file data_1.csv (CSV, C-alpha atoms)
chain,number,residue,atom,x,y,z
A,884,CYS,CA,145.9,-20.6,-1.1
A,885,LEU,CA,149.1,-19.0,-2.6
A,886,LEU,CA,147.9,-19.7,-6.2
A,887,THR,CA,145.1,-17.2,-5.7
A,888,PRO,CA,146.0,-15.2,-2.6
A,889,ASP,CA,143.5,-12.4,-3.3
A,890,ARG,CA,140.4,-14.5,-2.6
A,891,PRO,CA,139.1,-16.7,0.3
A,892,HIS,CA,139.5,-20.5,0.3
A,893,GLY,CA,137.2,-23.0,2.0
A,894,VAL,CA,138.2,-26.3,3.5
A,895,ARG,CA,136.3,-28.5,1.1
A,896,GLU,CA,137.4,-26.5,-1.9
A,897,VAL,CA,141.1,-26.9,-0.9
A,898,ALA,CA,140.6,-30.6,0.0
A,899,THR,CA,139.1,-31.4,-3.4
A,900,TYR,CA,141.9,-29.5,-5.2
A,901,ILE,CA,144.8,-31.2,-3.4
A,902,GLU,CA,143.0,-34.5,-3.1
A,903,ARG,CA,143.1,-34.7,0.7
A,904,VAL,CA,140.5,-35.5,3.3
A,905,PRO,CA,138.7,-32.3,4.6
A,906,SER,CA,139.5,-33.1,8.2
A,907,ALA,CA,143.3,-33.0,7.6
A,908,VAL,CA,143.0,-29.8,5.5
A,909,SER,CA,140.9,-28.2,8.2
A,910,THR,CA,143.6,-28.9,10.8
A,911,ALA,CA,146.3,-27.6,8.6
A,912,MET,CA,144.4,-24.4,7.8
A,913,ALA,CA,143.6,-23.8,11.5
A,914,GLY,CA,147.3,-24.1,12.2
A,915,LEU,CA,148.1,-21.5,9.6
A,916,ARG,CA,145.5,-19.2,10.9
A,917,ALA,CA,146.9,-19.5,14.4
A,918,GLU,CA,150.3,-18.4,13.0
A,919,GLY,CA,148.7,-15.4,11.2
A,920,LEU,CA,149.5,-16.9,7.8
A,921,LEU,CA,145.8,-17.3,6.7
A,922,THR,CA,142.9,-15.0,7.4
A,923,SER,CA,139.7,-16.3,9.0
A,924,ALA,CA,138.3,-16.5,5.4
A,925,GLY,CA,141.2,-18.5,4.1
A,926,GLU,CA,143.1,-15.8,2.3
A,927,ALA,CA,146.8,-16.0,2.3
A,928,SER,CA,148.8,-13.5,4.3
A,929,VAL,CA,151.2,-12.2,1.6
A,930,PRO,CA,154.1,-12.3,1.5
A,931,ASP,CA,154.4,-14.0,5.0
A,932,LEU,CA,152.9,-17.4,4.0
A,933,PHE,CA,155.2,-17.6,0.9
A,934,GLY,CA,158.2,-16.6,3.0
A,935,GLU,CA,157.5,-19.3,5.6
A,936,LEU,CA,157.1,-21.9,2.9
A,937,VAL,CA,160.5,-20.9,1.3
A,938,THR,CA,162.3,-21.7,4.6
A,939,ALA,CA,160.7,-25.2,4.7
A,940,TRP,CA,161.0,-26.0,1.0
A,941,ARG,CA,163.5,-28.8,0.3
A,942,ARG,CA,164.5,-30.2,-3.1
A,943,GLY,CA,167.1,-32.9,-3.6
A,944,PRO,CA,167.8,-33.1,-7.4
A,945,VAL,CA,169.5,-36.2,-8.7
A,946,PRO,CA,171.5,-35.7,-12.0
A,947,LEU,CA,170.6,-38.4,-14.6
A,948,ALA,CA,172.7,-39.5,-17.6
A,949,ASP,CA,169.6,-39.5,-20.0
A,950,LEU,CA,166.1,-38.2,-20.1
A,951,PRO,CA,162.8,-39.5,-21.5
A,952,ARG,CA,162.6,-39.2,-25.3
A,953,PRO,CA,159.8,-39.5,-27.8
A,954,GLY,CA,159.4,-42.9,-29.3
A,955,THR,CA,160.7,-44.9,-26.3
A,956,GLY,CA,157.3,-46.1,-25.5
A,957,ARG,CA,158.1,-49.0,-23.1
A,958,VAL,CA,160.6,-47.0,-21.1
A,959,ASN,CA,158.3,-44.0,-20.9
A,960,ASP,CA,155.4,-46.2,-19.8
A,961,GLN,CA,157.6,-47.6,-17.0
A,962,LEU,CA,158.6,-44.0,-16.0
A,963,ASP,CA,154.9,-43.1,-15.7
A,964,LEU,CA,155.4,-39.7,-17.2
A,965,GLY,CA,151.7,-38.8,-17.2
A,966,PHE,CA,151.5,-36.8,-20.4
A,967,GLU,CA,147.8,-37.4,-20.7
A,968,ASP,CA,145.5,-34.9,-18.9
A,969,PRO,CA,148.3,-33.2,-17.0
A,970,GLU,CA,146.0,-30.9,-15.1
A,971,ARG,CA,144.2,-33.8,-13.5
A,972,ARG,CA,146.6,-36.7,-13.5
A,973,SER,CA,149.8,-37.0,-11.5
A,974,GLY,CA,153.1,-37.3,-13.4
A,975,TRP,CA,156.5,-35.8,-14.1
A,976,ALA,CA,156.5,-32.0,-13.9
A,977,LEU,CA,159.1,-29.5,-15.3
A,978,THR,CA,160.3,-27.1,-12.7
A,979,ASP,CA,163.1,-24.5,-12.0
A,980,THR,CA,164.8,-22.6,-14.9
A,981,LEU,CA,163.0,-24.0,-17.9
A,982,ALA,CA,159.6,-23.9,-16.1
A,983,ALA,CA,160.3,-20.3,-15.1
A,984,ALA,CA,161.0,-19.4,-18.7
A,985,SER,CA,157.8,-21.0,-19.8
A,986,TRP,CA,155.9,-18.8,-17.3
A,987,GLY,CA,157.6,-15.8,-18.8
A,988,MET,CA,159.9,-15.1,-15.8
A,989,PRO,CA,163.0,-13.2,-16.8
A,990,VAL,CA,165.5,-16.1,-16.7
A,991,VAL,CA,168.3,-16.7,-19.2
A,992,ALA,CA,169.0,-20.3,-20.3
A,993,ARG,CA,170.9,-21.6,-23.3
A,994,GLY,CA,169.0,-23.7,-25.8
A,995,ASP,CA,170.4,-27.0,-24.6
A,996,TYR,CA,169.9,-26.3,-20.9
A,997,PRO,CA,169.0,-29.6,-19.2
A,998,PRO,CA,165.5,-29.8,-17.7
A,999,ASP,CA,164.7,-30.3,-14.1
A,1000,PHE,CA,161.7,-32.5,-13.1
A,1001,TYR,CA,159.7,-33.3,-10.1
A,1002,VAL,CA,158.3,-36.8,-9.8
A,1003,PRO,CA,155.4,-37.9,-7.6
A,1004,SER,CA,157.2,-40.5,-5.4
A,1005,ASP,CA,160.3,-42.3,-4.3
A,1006,ALA,CA,159.3,-45.2,-6.5
A,1007,HIS,CA,159.3,-42.9,-9.6
A,1008,LEU,CA,162.7,-41.7,-8.6
A,1009,ARG,CA,164.1,-45.2,-8.3
A,1010,ARG,CA,162.7,-46.2,-11.7
A,1011,ALA,CA,164.2,-43.1,-13.3
A,1012,ARG,CA,167.6,-43.9,-11.8
A,1013,ALA,CA,167.4,-47.5,-13.0
A,1014,LEU,CA,166.1,-46.7,-16.6
A,1015,LEU,CA,167.9,-43.5,-17.3
A,1016,GLY,CA,171.1,-43.9,-15.4
A,1017,GLU,CA,172.7,-41.6,-12.8
A,1018,THR,CA,175.7,-39.5,-13.5
A,1019,SER,CA,178.4,-38.5,-11.0
A,1020,ASN,CA,179.2,-35.3,-12.9
A,1021,PRO,CA,176.4,-32.7,-12.7
A,1022,ASP,CA,177.9,-30.8,-15.6
A,1023,GLN,CA,177.2,-33.8,-17.9
A,1024,ARG,CA,173.6,-34.3,-16.7
A,1025,ALA,CA,170.8,-34.8,-19.3
A,1026,CYS,CA,168.3,-33.8,-16.6
A,1027,THR,CA,167.7,-33.8,-12.9
A,1028,VAL,CA,164.9,-35.5,-11.0
A,1029,ALA,CA,163.6,-34.9,-7.5
A,1030,VAL,CA,160.7,-36.1,-5.5
A,1031,ALA,CA,158.2,-33.3,-5.2
A,1032,PRO,CA,158.1,-31.7,-1.8
A,1033,VAL,CA,154.3,-31.5,-2.0
A,1034,ARG,CA,151.9,-33.8,-4.0
A,1035,LEU,CA,150.3,-30.8,-5.6
A,1036,ALA,CA,153.5,-30.1,-7.7
A,1037,CYS,CA,152.9,-33.2,-9.7
A,1038,LEU,CA,149.2,-33.5,-9.4
A,1039,ARG,CA,148.0,-30.2,-10.9
A,1040,ARG,CA,150.4,-29.6,-13.7
A,1041,VAL,CA,150.0,-26.9,-16.4
A,1042,ASP,CA,150.1,-27.4,-20.1
A,1043,ARG,CA,152.2,-24.4,-21.5
A,1044,ALA,CA,152.6,-25.7,-25.0
A,1045,GLN,CA,150.3,-23.2,-26.7
A,1046,THR,CA,151.6,-20.1,-24.8
A,1047,SER,CA,155.3,-20.9,-24.6
A,1048,GLY,CA,156.0,-23.9,-26.8
A,1049,GLU,CA,157.1,-26.0,-23.8
A,1050,VAL,CA,156.3,-29.6,-24.5
A,1051,TRP,CA,156.6,-30.9,-20.9
A,1052,PRO,CA,153.8,-30.4,-18.3
A,1053,VAL,CA,155.0,-27.6,-16.0
A,1054,VAL,CA,154.5,-27.0,-12.3
A,1055,ASN,CA,152.4,-24.1,-11.2
A,1056,HIS,CA,154.0,-20.7,-10.9
A,1057,VAL,CA,154.1,-20.8,-7.1
A,1058,VAL,CA,156.2,-24.0,-7.1
A,1059,VAL,CA,158.5,-22.4,-9.7
A,1060,ALA,CA,158.8,-19.3,-7.5
A,1061,LEU,CA,159.6,-21.5,-4.4
A,1062,ASP,CA,162.4,-23.2,-6.3
A,1063,LEU,CA,163.8,-19.9,-7.6
A,1064,ALA,CA,163.6,-18.3,-4.1
A,1065,GLN,CA,166.1,-20.9,-2.8
A,1066,ASP,CA,168.7,-18.8,-4.5
A,1067,ARG,CA,168.5,-15.7,-2.3
A,1068,ALA,CA,170.3,-13.5,-4.8
A,1069,ARG,CA,169.5,-14.5,-8.4
A,1070,GLY,CA,166.2,-16.2,-7.7
A,1071,VAL,CA,164.8,-13.4,-5.6
A,1072,GLU,CA,165.8,-10.8,-8.2
A,1073,ILE,CA,164.0,-12.8,-10.9
A,1074,LEU,CA,160.8,-12.9,-8.9
A,1075,ASP,CA,161.0,-9.2,-8.1
A,1076,GLN,CA,161.2,-8.5,-11.8
A,1077,TRP,CA,158.3,-10.7,-12.8
A,1078,HIS,CA,155.0,-8.8,-13.1
A,1079,PRO,CA,152.5,-11.1,-14.9
A,1080,LYS,CA,149.2,-9.6,-16.1
A,1081,ASP,CA,146.8,-12.4,-15.1
A,1082,ILE,CA,148.5,-13.7,-11.9
A,1083,VAL,CA,148.4,-12.3,-8.4
A,1084,ARG,CA,151.9,-12.5,-7.0
A,1085,ALA,CA,152.2,-14.3,-3.6
A,1086,TRP,CA,155.6,-12.9,-2.7

call {"tool": "encode", "arguments": {"input": "data_1.csv", "output": "structure tokens"}}
result
Amino acid sequence: CLLTPDRPHGVREVATYIERVPSAVSTAMAGLRAEGLLTSAGEASVPDLFGELVTAWRRGPVPLADLPRPGTGRVNDQLDLGFEDPERRSGWALTDTLAAASWGMPVVARGDYPPDFYVPSDAHLRRARALLGETSNPDQRACTVAVAPVRLACLRRVDRAQTSGEVWPVVNHVVVALDLAQDRARGVEILDQWHPKDIVRAW
């Protein structure tokens, strides 16, 4: 609902998009309406719904010593990156600073800034730790990996290669905004300064 907060959303439409049963989605949307966070037509109450989600959003990044690289086919297969059909298949999703840059948000990151990823499950995180190694020094990390707070982050990823040159599938702009908003100073300032032409802001 936050992805397109300016239009109504039906239960079956949402259930299909997030791959959940309609009964569970109906219950969740009814709860949001009761709290005044959705209208009766399923439109998001902006910025209240976004603000409530920010307070509940949790991310636990794990710094890794290496990251997936082209040509390491067997390792990449085991990691289940999901490069094929990123908008319909679950897999690793770029988030936070580099994802924000790919969306055109006003962030500054050096050329060798390590990427931050969401992965679909605890099993993916365990495999990443085993195959890529964990580092105790965050400053020497090759990347960070965290289990996505919601399935949608890794399910409906966005290919930004043509528009920004980013090779990794990227989380949607709302997930990026939720990550940035955890920094109540820098992150909120970045979001305040981002005024995209084709996206209705949810904050």

call {"tool": "residues_around", "arguments": {"input": "data_1.csv", "residues": "region 979-990 of chain A", "least_positions_apart": "2", "cutoff": "7 Å", "atoms": "only C-alpha atoms", "output": "PyMOL selection string"}}
result
chain A and resi 977+992+998-999+1043+1047+1049+1053+1056+1059+1062-1063+1073+1077

call {"tool": "atom_distance", "arguments": {"input": "data_1.csv", "atom1": "CA of Leu962 (chain A)", "atom2": "CA of Arg1012 (chain A)"}}
result
9.9 Å

call {"tool": "closest_residue", "arguments": {"input": "data_1.csv", "among": "A:Arg1040, A:Ala907, A:Leu920, A:Gly893", "to": "Leu936 (chain A)", "atoms": "only C-alpha atoms"}}
result
A:Leu920

call {"tool": "closest_residue", "arguments": {"input": "data_1.csv", "among": "A:Leu885, A:Ala924, A:Ala1031, A:Val904", "to": "Pro944 (chain A)", "atoms": "all atoms listed in the file"}}
result
A:Ala1031

call {"tool": "atom_distance", "arguments": {"input": "data_1.csv", "atom1": "CA of Leu886 (chain A)", "atom2": "CA of His1007 (chain A)"}}
result
26.1 Å

call {"tool": "atom_distance", "arguments": {"input": "data_1.csv", "atom1": "CA of Ala1036 (chain A)", "atom2": "CA of Val1002 (chain A)"}}
result
8.5 Å

call {"tool": "residues_around", "arguments": {"input": "data_1.csv", "residues": "Asp1005 (chain A)", "least_positions_apart": "3", "cutoff": "9 Å", "atoms": "all atoms listed in the file", "output": "PyMOL selection string"}}
result
chain A and resi 1002+1008-1010+1029-1030

call {"tool": "write_last_selection", "arguments": {"input": "data_1.csv", "atoms": "C-alpha atoms", "output": "PDB file, in the coordinates of the input"}}
result
ATOM      1  CA  VAL A1002     158.300 -36.800  -9.800  1.00  0.00           C
ATOM      2  CA  LEU A1008     162.700 -41.700  -8.600  1.00  0.00           C
ATOM      3  CA  ARG A1009     164.100 -45.200  -8.300  1.00  0.00           C
ATOM      4  CA  ARG A1010     162.700 -46.200 -11.700  1.00  0.00           C
ATOM      5  CA  ALA A1029     163.600 -34.900  -7.500  1.00  0.00           C
ATOM      6  CA  VAL A1030     160.700 -36.100  -5.500  1.00  0.00           C
TER       7      VAL A1030
END

call {"tool": "residues_around", "arguments": {"input": "data_1.csv", "residues": "Trp975 (chain A)", "least_positions_apart": "3", "cutoff": "7 Å", "atoms": "all atoms listed in the file", "output": "list in words"}}
result
Leu964, Gly965, Phe1000, Tyr1001, Val1002, Pro1003 and Cys1037 of chain A

call {"tool": "residues_around", "arguments": {"input": "data_1.csv", "residues": "region 993-997 of chain A", "least_positions_apart": "6", "cutoff": "8 Å", "atoms": "all atoms listed in the file", "output": "list of chain:residue names"}}
result
A:Leu981, A:Arg1024, A:Ala1025, A:Cys1026, A:Thr1027

call {"tool": "closest_residue", "arguments": {"input": "data_1.csv", "among": "A:Ala1013, A:Pro946, A:Thr938, A:Thr887", "to": "Asn1055 (chain A)", "atoms": "only C-alpha atoms"}}
result
A:Thr887

call {"tool": "closest_residue", "arguments": {"input": "data_1.csv", "among": "A:Arg952, A:Arg890, A:Arg972, A:Arg942", "to": "Val929 (chain A)", "atoms": "only C-alpha atoms"}}
result
A:Arg890

call {"tool": "residues_near_point", "arguments": {"input": "data_1.csv", "point": "(151.7, -21.2, 3.8)", "cutoff": "9 Å", "atoms": "all atoms listed in the file", "output": "list of chain:residue names"}}
result
A:Cys884, A:Leu885, A:Met912, A:Leu915, A:Leu920, A:Leu921, A:Ala927, A:Ser928, A:Asp931, A:Leu932, A:Phe933, A:Gly934, A:Glu935, A:Leu936

call {"tool": "build_atoms", "arguments": {"input": "data_1.csv", "residues": "region 922-940 of chain A", "atoms": "N, CA, C and O atoms", "output": "compact mmCIF listing (two decimals), in the coordinates of the input"}}
result
# COMPACT_ATOMS: atom_id res chain seq x y z
N THR A 922 143.96 -15.72 6.78
CA THR A 922 142.90 -15.00 7.40
C THR A 922 141.77 -15.96 7.82
O THR A 922 141.79 -17.13 7.43
N SER A 923 140.80 -15.47 8.56
CA SER A 923 139.70 -16.30 9.00
C SER A 923 138.90 -16.82 7.74
O SER A 923 138.25 -17.87 7.80
N ALA A 924 138.97 -16.09 6.63
CA ALA A 924 138.30 -16.50 5.40
C ALA A 924 139.13 -17.38 4.51
O ALA A 924 138.69 -17.79 3.44
N GLY A 925 140.35 -17.68 4.94
CA GLY A 925 141.20 -18.50 4.10
C GLY A 925 142.00 -17.81 3.08
O GLY A 925 142.45 -18.41 2.10
N GLU A 926 142.21 -16.51 3.25
CA GLU A 926 143.10 -15.80 2.30
C GLU A 926 144.51 -15.81 2.83
O GLU A 926 144.76 -15.71 4.03
N ALA A 927 145.43 -15.96 1.91
CA ALA A 927 146.80 -16.00 2.30
C ALA A 927 147.35 -14.69 2.76
O ALA A 927 147.04 -13.65 2.18
N SER A 928 148.13 -14.69 3.84
CA SER A 928 148.80 -13.50 4.30
C SER A 928 150.09 -13.35 3.48
O SER A 928 151.04 -14.09 3.67
N VAL A 929 150.07 -12.41 2.56
CA VAL A 929 151.20 -12.20 1.60
C VAL A 929 152.02 -11.06 2.02
O VAL A 929 151.49 -10.00 2.40
N PRO A 930 153.36 -11.20 2.01
CA PRO A 930 154.10 -12.30 1.50
C PRO A 930 154.54 -13.33 2.63
O PRO A 930 155.37 -14.19 2.41
N ASP A 931 153.94 -13.19 3.83
CA ASP A 931 154.40 -14.00 5.00
C ASP A 931 154.28 -15.48 4.74
O ASP A 931 155.19 -16.25 5.08
N LEU A 932 153.13 -15.93 4.20
CA LEU A 932 152.90 -17.40 4.00
C LEU A 932 153.97 -17.89 2.98
O LEU A 932 154.55 -18.97 3.18
N PHE A 933 154.20 -17.15 1.92
CA PHE A 933 155.20 -17.60 0.90
C PHE A 933 156.59 -17.63 1.59
O PHE A 933 157.33 -18.60 1.40
N GLY A 934 156.94 -16.64 2.38
CA GLY A 934 158.20 -16.60 3.00
C GLY A 934 158.45 -17.77 3.98
O GLY A 934 159.53 -18.36 4.04
N GLU A 935 157.40 -18.13 4.73
CA GLU A 935 157.50 -19.30 5.60
C GLU A 935 157.70 -20.58 4.86
O GLU A 935 158.46 -21.46 5.26
N LEU A 936 157.02 -20.69 3.73
CA LEU A 936 157.10 -21.90 2.90
C LEU A 936 158.53 -22.00 2.28
O LEU A 936 159.08 -23.09 2.15
N VAL A 937 159.10 -20.87 1.91
CA VAL A 937 160.50 -20.90 1.30
C VAL A 937 161.44 -21.49 2.31
O VAL A 937 162.30 -22.29 1.92
N THR A 938 161.31 -21.17 3.59
CA THR A 938 162.30 -21.70 4.60
C THR A 938 162.11 -23.18 4.80
O THR A 938 163.06 -23.85 5.22
N ALA A 939 160.92 -23.72 4.50
CA ALA A 939 160.70 -25.20 4.70
C ALA A 939 160.82 -25.98 3.43
O ALA A 939 160.81 -27.20 3.47
N TRP A 940 160.97 -25.29 2.30
CA TRP A 940 161.00 -26.00 1.00
C TRP A 940 162.32 -26.69 0.79
O TRP A 940 163.38 -26.10 0.93
